[in-house]
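Visitor: Just one file: start14.cif, with mmCIF, C-alpha atoms.
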```cif
data_data
#
loop_
_atom_site.label_atom_id
_atom_site.label_comp_id
_atom_site.auth_asym_id
_atom_site.auth_seq_id
_atom_site.Cartn_x
_atom_site.Cartn_y
_atom_site.Cartn_z
CA GLY A 224 -5.25 8.83 -12.70
CA GLU A 225 -1.95 7.02 -12.47
CA ASN A 226 -1.65 3.49 -13.88
CA VAL A 227 1.16 1.31 -12.61
CA GLU A 228 1.99 -2.00 -14.27
CA GLN A 229 4.25 -4.58 -12.69
CA HIS A 230 6.00 -7.66 -14.11
CA PRO A 231 6.38 -10.51 -13.58
CA SER A 232 3.42 -11.56 -11.45
CA THR A 233 5.35 -14.55 -10.13
CA LEU A 234 9.07 -15.14 -9.92
CA SER A 235 11.03 -18.12 -8.67
CA VAL A 236 14.78 -17.99 -8.19
CA GLN A 237 17.40 -20.21 -6.64
CA GLU A 238 18.89 -19.04 -3.39
CA GLY A 239 21.86 -16.81 -4.09
CA ASP A 240 20.63 -15.72 -7.50
CA SER A 241 19.35 -12.25 -8.33
CA ALA A 242 15.73 -11.20 -8.75
CA VAL A 243 14.51 -8.30 -10.85
CA ILE A 244 11.01 -6.84 -10.81
CA LYS A 245 9.96 -4.13 -13.24
CA CYS A 246 7.27 -1.47 -13.11
CA THR A 247 6.03 1.15 -15.52
CA TYR A 248 3.90 4.17 -14.76
CA SER A 249 1.79 6.48 -16.86
CA ASP A 250 1.75 9.85 -15.11
CA SER A 251 4.85 11.88 -15.91
CA ALA A 252 4.13 13.99 -12.83
CA SER A 253 4.89 11.04 -10.52
CA ASN A 254 8.03 11.78 -8.57
CA TYR A 255 8.22 9.23 -5.76
CA PHE A 256 8.52 5.48 -6.22
CA PRO A 257 8.52 3.20 -3.17
CA TRP A 258 8.80 -0.56 -3.07
CA TYR A 259 7.00 -2.61 -0.47
CA LYS A 260 7.34 -6.17 0.75
CA GLN A 261 4.21 -7.85 2.06
CA GLU A 262 3.99 -11.18 3.80
CA LEU A 263 0.69 -13.01 3.86
CA GLY A 264 -1.91 -11.24 5.97
CA LYS A 265 0.49 -8.55 7.12
CA ARG A 266 1.03 -4.90 6.42
CA PRO A 267 3.25 -3.73 3.56
CA GLN A 268 6.76 -2.88 4.67
CA LEU A 269 8.79 -0.23 2.86
CA ILE A 270 12.06 -1.74 1.66
CA ILE A 271 13.44 1.01 -0.54
CA ASP A 272 12.28 4.12 -2.33
CA ILE A 273 13.56 6.53 -4.93
CA ARG A 274 12.70 10.06 -5.91
CA SER A 275 12.62 11.40 -9.41
CA ASN A 276 15.82 13.40 -9.08
CA VAL A 277 17.83 10.21 -8.58
CA GLY A 278 18.53 7.47 -11.10
CA GLU A 279 19.64 4.71 -8.77
CA LYS A 280 19.65 3.91 -5.09
CA LYS A 281 21.14 0.97 -3.27
CA ASP A 282 20.74 -0.44 0.21
CA GLN A 283 22.82 -3.54 0.85
CA ARG A 284 21.34 -6.32 -1.32
CA ILE A 285 18.51 -4.18 -2.64
CA ALA A 286 18.69 -1.57 -5.37
CA VAL A 287 16.19 0.44 -7.35
CA THR A 288 16.73 2.11 -10.72
CA LEU A 289 14.55 4.77 -12.30
CA ASN A 290 14.29 5.83 -15.92
CA LYS A 291 12.08 8.90 -16.00
CA THR A 292 12.20 9.23 -19.75
CA ALA A 293 10.86 5.74 -20.27
CA LYS A 294 8.70 5.92 -17.15
CA HIS A 295 9.88 2.71 -15.66
CA PHE A 296 11.64 1.63 -12.50
CA SER A 297 13.01 -1.66 -11.31
CA LEU A 298 13.82 -3.48 -8.09
CA HIS A 299 16.95 -5.59 -7.95
CA ILE A 300 17.58 -8.07 -5.15
CA THR A 301 20.99 -9.76 -5.16
CA GLU A 302 22.12 -12.85 -3.28
CA THR A 303 18.53 -13.82 -2.59
CA GLN A 304 17.68 -15.68 0.60
CA PRO A 305 14.60 -17.76 1.50
CA GLU A 306 13.41 -14.97 3.79
CA ASP A 307 13.13 -12.72 0.75
CA SER A 308 10.13 -14.81 -0.32
CA ALA A 309 7.07 -12.54 -0.21
CA VAL A 310 4.90 -10.39 -2.43
CA TYR A 311 6.54 -7.21 -3.64
CA PHE A 312 4.63 -4.13 -4.73
CA CYS A 313 5.87 -1.07 -6.52
CA ALA A 314 4.02 2.21 -6.25
CA ALA A 315 4.07 5.64 -7.81
CA SER A 316 3.08 8.94 -6.30
CA THR A 317 2.98 12.54 -7.38
CA GLY A 318 4.07 13.57 -3.94
CA GLY A 319 0.55 14.51 -3.00
CA ASN A 320 0.74 11.26 -1.09
CA GLN A 321 -1.73 9.18 -3.04
CA PHE A 322 0.04 5.92 -3.81
CA TYR A 323 -0.94 3.88 -6.81
CA PHE A 324 0.28 0.35 -6.49
CA GLY A 325 1.38 -2.15 -9.08
CA THR A 326 -0.26 -5.54 -9.25
CA GLY A 327 2.39 -7.28 -7.18
CA THR A 328 5.06 -9.93 -7.74
CA SER A 329 5.09 -13.12 -5.73
CA LEU A 330 8.75 -13.98 -5.22
CA THR A 331 9.79 -17.46 -4.17
CA VAL A 332 13.40 -18.14 -3.29
CA ILE A 333 14.16 -21.83 -3.52
CA PRO A 334 16.71 -23.07 -0.97
CA GLY B 24 8.39 5.69 15.73
CA ALA B 25 5.65 6.15 13.11
CA VAL B 26 3.40 3.34 14.29
CA VAL B 27 -0.10 2.93 12.90
CA SER B 28 -2.64 0.63 14.49
CA GLN B 29 -5.98 -0.68 13.28
CA HIS B 30 -8.91 -2.07 15.19
CA PRO B 31 -10.32 -4.62 14.93
CA SER B 32 -7.76 -6.90 13.29
CA TRP B 33 -10.57 -9.07 12.00
CA VAL B 34 -14.35 -8.94 12.06
CA ILE B 35 -17.19 -11.14 10.89
CA CYS B 36 -20.56 -9.56 10.35
CA LYS B 37 -23.89 -10.46 8.84
CA SER B 38 -25.05 -9.14 5.51
CA GLY B 39 -26.88 -5.84 5.88
CA THR B 40 -25.10 -4.69 9.01
CA SER B 41 -22.50 -1.92 9.32
CA VAL B 42 -18.94 -2.27 10.49
CA LYS B 43 -16.57 0.43 11.73
CA ILE B 44 -12.80 0.13 11.40
CA GLU B 45 -10.48 2.44 13.29
CA CYS B 46 -7.06 3.61 12.20
CA ARG B 47 -4.81 5.36 14.69
CA SER B 48 -1.39 6.94 14.45
CA LEU B 49 0.15 6.14 17.82
CA ASP B 50 3.21 8.35 18.02
CA PHE B 51 2.71 11.05 15.44
CA GLN B 52 0.07 13.35 14.09
CA ALA B 53 -1.23 12.33 10.72
CA THR B 54 -2.63 15.14 8.67
CA THR B 55 -3.53 12.69 5.92
CA MET B 56 -4.73 9.11 6.13
CA PHE B 57 -5.47 6.72 3.32
CA TRP B 58 -7.72 3.70 3.07
CA TYR B 59 -6.94 0.76 0.83
CA ARG B 60 -8.76 -2.45 0.02
CA GLN B 61 -6.94 -5.61 -0.88
CA PHE B 62 -8.61 -8.73 -2.24
CA PRO B 63 -6.81 -12.08 -1.92
CA LYS B 64 -3.68 -12.25 -4.04
CA GLN B 65 -4.36 -8.82 -5.47
CA SER B 66 -2.87 -5.38 -5.13
CA LEU B 67 -3.77 -2.59 -2.74
CA MET B 68 -6.45 -0.42 -4.26
CA LEU B 69 -6.68 3.12 -2.95
CA MET B 70 -10.23 3.82 -1.82
CA ALA B 71 -10.01 7.30 -0.39
CA THR B 72 -7.80 10.00 1.05
CA SER B 73 -8.86 11.73 4.23
CA ASN B 74 -7.53 14.92 5.70
CA GLU B 75 -8.21 15.89 9.28
CA GLY B 76 -11.27 18.05 9.59
CA SER B 77 -12.38 17.83 5.99
CA LYS B 78 -14.36 15.49 3.77
CA ALA B 79 -12.62 12.50 2.32
CA THR B 80 -11.70 12.34 -1.34
CA TYR B 81 -12.84 9.09 -2.89
CA GLU B 82 -11.28 7.33 -5.83
CA GLN B 83 -13.35 6.74 -8.91
CA GLY B 84 -15.70 3.81 -8.50
CA VAL B 85 -15.74 3.88 -4.69
CA GLU B 86 -19.19 4.60 -3.25
CA LYS B 87 -18.85 7.33 -0.67
CA ASP B 88 -22.26 6.56 0.84
CA LYS B 89 -21.27 2.96 1.38
CA PHE B 90 -17.77 3.56 2.71
CA LEU B 91 -18.06 6.39 5.20
CA ILE B 92 -14.78 7.94 6.26
CA ASN B 93 -14.32 10.26 9.19
CA HIS B 94 -11.01 11.88 10.13
CA ALA B 95 -12.01 13.67 13.30
CA SER B 96 -8.56 14.15 14.78
CA LEU B 97 -4.92 14.10 13.78
CA THR B 98 -4.54 10.59 15.19
CA LEU B 99 -7.78 8.86 14.26
CA SER B 100 -9.59 8.02 11.05
CA THR B 101 -12.52 5.62 10.79
CA LEU B 102 -13.96 3.67 7.90
CA THR B 103 -17.55 2.48 8.21
CA VAL B 104 -18.77 -0.11 5.75
CA THR B 105 -22.53 0.40 5.65
CA SER B 106 -25.03 -2.30 4.73
CA ALA B 107 -22.22 -4.75 4.18
CA HIS B 108 -22.56 -7.52 1.61
CA PRO B 109 -20.42 -10.61 0.99
CA GLU B 110 -18.66 -8.87 -1.88
CA ASP B 111 -17.35 -6.31 0.63
CA SER B 112 -15.34 -9.05 2.30
CA SER B 113 -11.73 -7.98 1.96
CA PHE B 114 -8.58 -6.88 3.75
CA TYR B 115 -8.81 -3.17 4.58
CA ILE B 116 -5.55 -1.34 5.26
CA CYS B 117 -5.04 2.24 6.32
CA SER B 118 -1.93 4.31 6.08
CA ALA B 119 -0.88 7.68 7.40
CA SER B 120 1.58 10.35 6.44
CA VAL B 121 3.19 12.79 8.80
CA HIS B 122 2.33 15.91 6.89
CA SER B 123 1.06 16.85 3.50
CA THR B 124 4.52 17.15 1.95
CA SER B 125 5.92 13.94 3.38
CA TYR B 126 6.44 11.22 0.83
CA GLU B 127 6.44 8.22 3.14
CA GLN B 128 3.31 6.43 4.30
CA TYR B 129 3.11 4.23 7.36
CA PHE B 130 0.73 1.30 7.06
CA GLY B 131 -1.54 -0.21 9.64
CA PRO B 132 -1.67 -3.99 10.13
CA GLY B 133 -4.96 -4.30 8.26
CA THR B 134 -8.46 -5.49 9.12
CA ARG B 135 -9.87 -8.68 7.68
CA LEU B 136 -13.61 -8.21 7.07
CA THR B 137 -15.79 -11.22 6.36
CA VAL B 138 -19.46 -10.65 5.57
CA THR B 139 -21.66 -13.72 5.84
#
```
In structure tokens, write the structure found in this file.

Guide:
Amino acid sequence: GENVEQHPSTLSVQEGDSAVIKCTYSDSASNYFPWYKQELGKRPQLIIDIRSNVGEKKDQRIAVTLNKTAKHFSLHITETQPEDSAVYFCAASTGGNQFYFGTGTSLTVIP
Amino acid sequence: GAVVSQHPSWVICKSGTSVKIECRSLDFQATTMFWYRQFPKQSLMLMATSNEGSKATYEQGVEKDKFLINHASLTLSTLTVTSAHPEDSSFYICSASVHSTSYEQYFGPGTRLTVT
């Protein structure tokens, strides 16, 4: 099955700085890559996603890039704010809907 | 739209008993539902995929006789943890997709299971 690796496991940034989280996947058939934000004890919330026919997607302060050849994708958060503090998960899917999640990154934005 | 609920939100049970968790899609019909388990400070691990009216497909290493999944309708899937043990204590989250070709999944709020 698919194996998704995520780095770093923890990340601390100063408010206003950028944060970058990277994921790699193993199954070349994966074609959908969502990113989720999860606060403690709550459900994951989709923040951005990208499909394999696109190399980059941006939504305000959040962007995702995808390199299919290298099988990696990254989340970029600019102008970070304290409310961005949470655990972020990447995932990969072959479109058959099974999501395989990365191990998570705990992001702390220091005011 | 696309709201998924879970019941109960938390449950405490004694070792050896069974617990049923319900997952409902409130405003859409979910042809496929997924069950995940999440241990503290760890990732979501896919346990099984269930399609309405058919048997669930379990991920490798997940005991199908211990984690019974029923997807009886397009809006309801249930997960029953049978003969629960303390090591089954975890956060169980379901998700649902609108139809088999839809990429997006909508997650429930999760159920915290504690087995004493």

Visitor: Apply the PyMOL selection byres ((chain A) within 12 of (chain B)) to the file shown and report the selected residues as a VMD selection string.

Guide: chain A and resid 224 to 229 232 to 233 253 to 275 309 to 329

Visitor: For the file shown, report as a list in words the outcome of the PyMOL selection byres ((chain B and resi 50) around 7) at residue level.

Guide: Gly24, Ala25, Val26, Ser48, Leu49 and Phe51 of chain B

Visitor: For each of B:Thr98, B:Thr54, B:Thr139, B:Ser28, take the minimum atom-to-atom distance to Ser77 (chain B), counting all atoms listed in the file, then give the residue where this is smallest.

Guide: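 So, comparing all the options, the nearest one is B:Thr54.
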
Visitor: Mind checking which residues fall within 9 Å of Cys36 (chain B), counting all atoms listed in the file, ignoring those fewer than 5 positions away in the same chain, and posting them as a compact mmCIF listing (two decimals) with C-alpha atoms, in the frame of the given file?

Guide:
```
# COMPACT_ATOMS: atom_id res chain seq x y z
CA SER B 41 -22.50 -1.92 9.32
CA VAL B 42 -18.94 -2.27 10.49
CA ALA B 107 -22.22 -4.75 4.18
CA LEU B 136 -13.61 -8.21 7.07
CA THR B 137 -15.79 -11.22 6.36
CA VAL B 138 -19.46 -10.65 5.57
CA THR B 139 -21.66 -13.72 5.84
```

Visitor: Have a look at B:Gln52, B:Ile44, B:Phe62, B:Thr103 and name the one nearest to Phe90 (chain B); count only C-alpha atoms.

Guide: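 Closest residue, counting only C-alpha atoms: B:Thr103.
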
Visitor: Can you translate the PyMOL selection byres ((chain B and resi 45) around 9) into the concrete residues it hits in this file, as a PyMOL selection string?

Guide: chain B and resi 28-31+43-44+46-47+99-103+117

Visitor: Okay, now the selection with C-alpha atoms, as a PDB file, in the frame of the given file?

Guide:
```pdb
ATOM      1  CA  SER B  28      -2.640   0.630  14.490  1.00  0.00           C
ATOM      2  CA  GLN B  29      -5.980  -0.680  13.280  1.00  0.00           C
ATOM      3  CA  HIS B  30      -8.910  -2.070  15.190  1.00  0.00           C
ATOM      4  CA  PRO B  31     -10.320  -4.620  14.930  1.00  0.00           C
ATOM      5  CA  LYS B  43     -16.570   0.430  11.730  1.00  0.00           C
ATOM      6  CA  ILE B  44     -12.800   0.130  11.400  1.00  0.00           C
ATOM      7  CA  CYS B  46      -7.060   3.610  12.200  1.00  0.00           C
ATOM      8  CA  ARG B  47      -4.810   5.360  14.690  1.00  0.00           C
ATOM      9  CA  LEU B  99      -7.780   8.860  14.260  1.00  0.00           C
ATOM     10  CA  SER B 100      -9.590   8.020  11.050  1.00  0.00           C
ATOM     11  CA  THR B 101     -12.520   5.620  10.790  1.00  0.00           C
ATOM     12  CA  LEU B 102     -13.960   3.670   7.900  1.00  0.00           C
ATOM     13  CA  THR B 103     -17.550   2.480   8.210  1.00  0.00           C
ATOM     14  CA  CYS B 117      -5.040   2.240   6.320  1.00  0.00           C
TER      15      CYS B 117
END
```
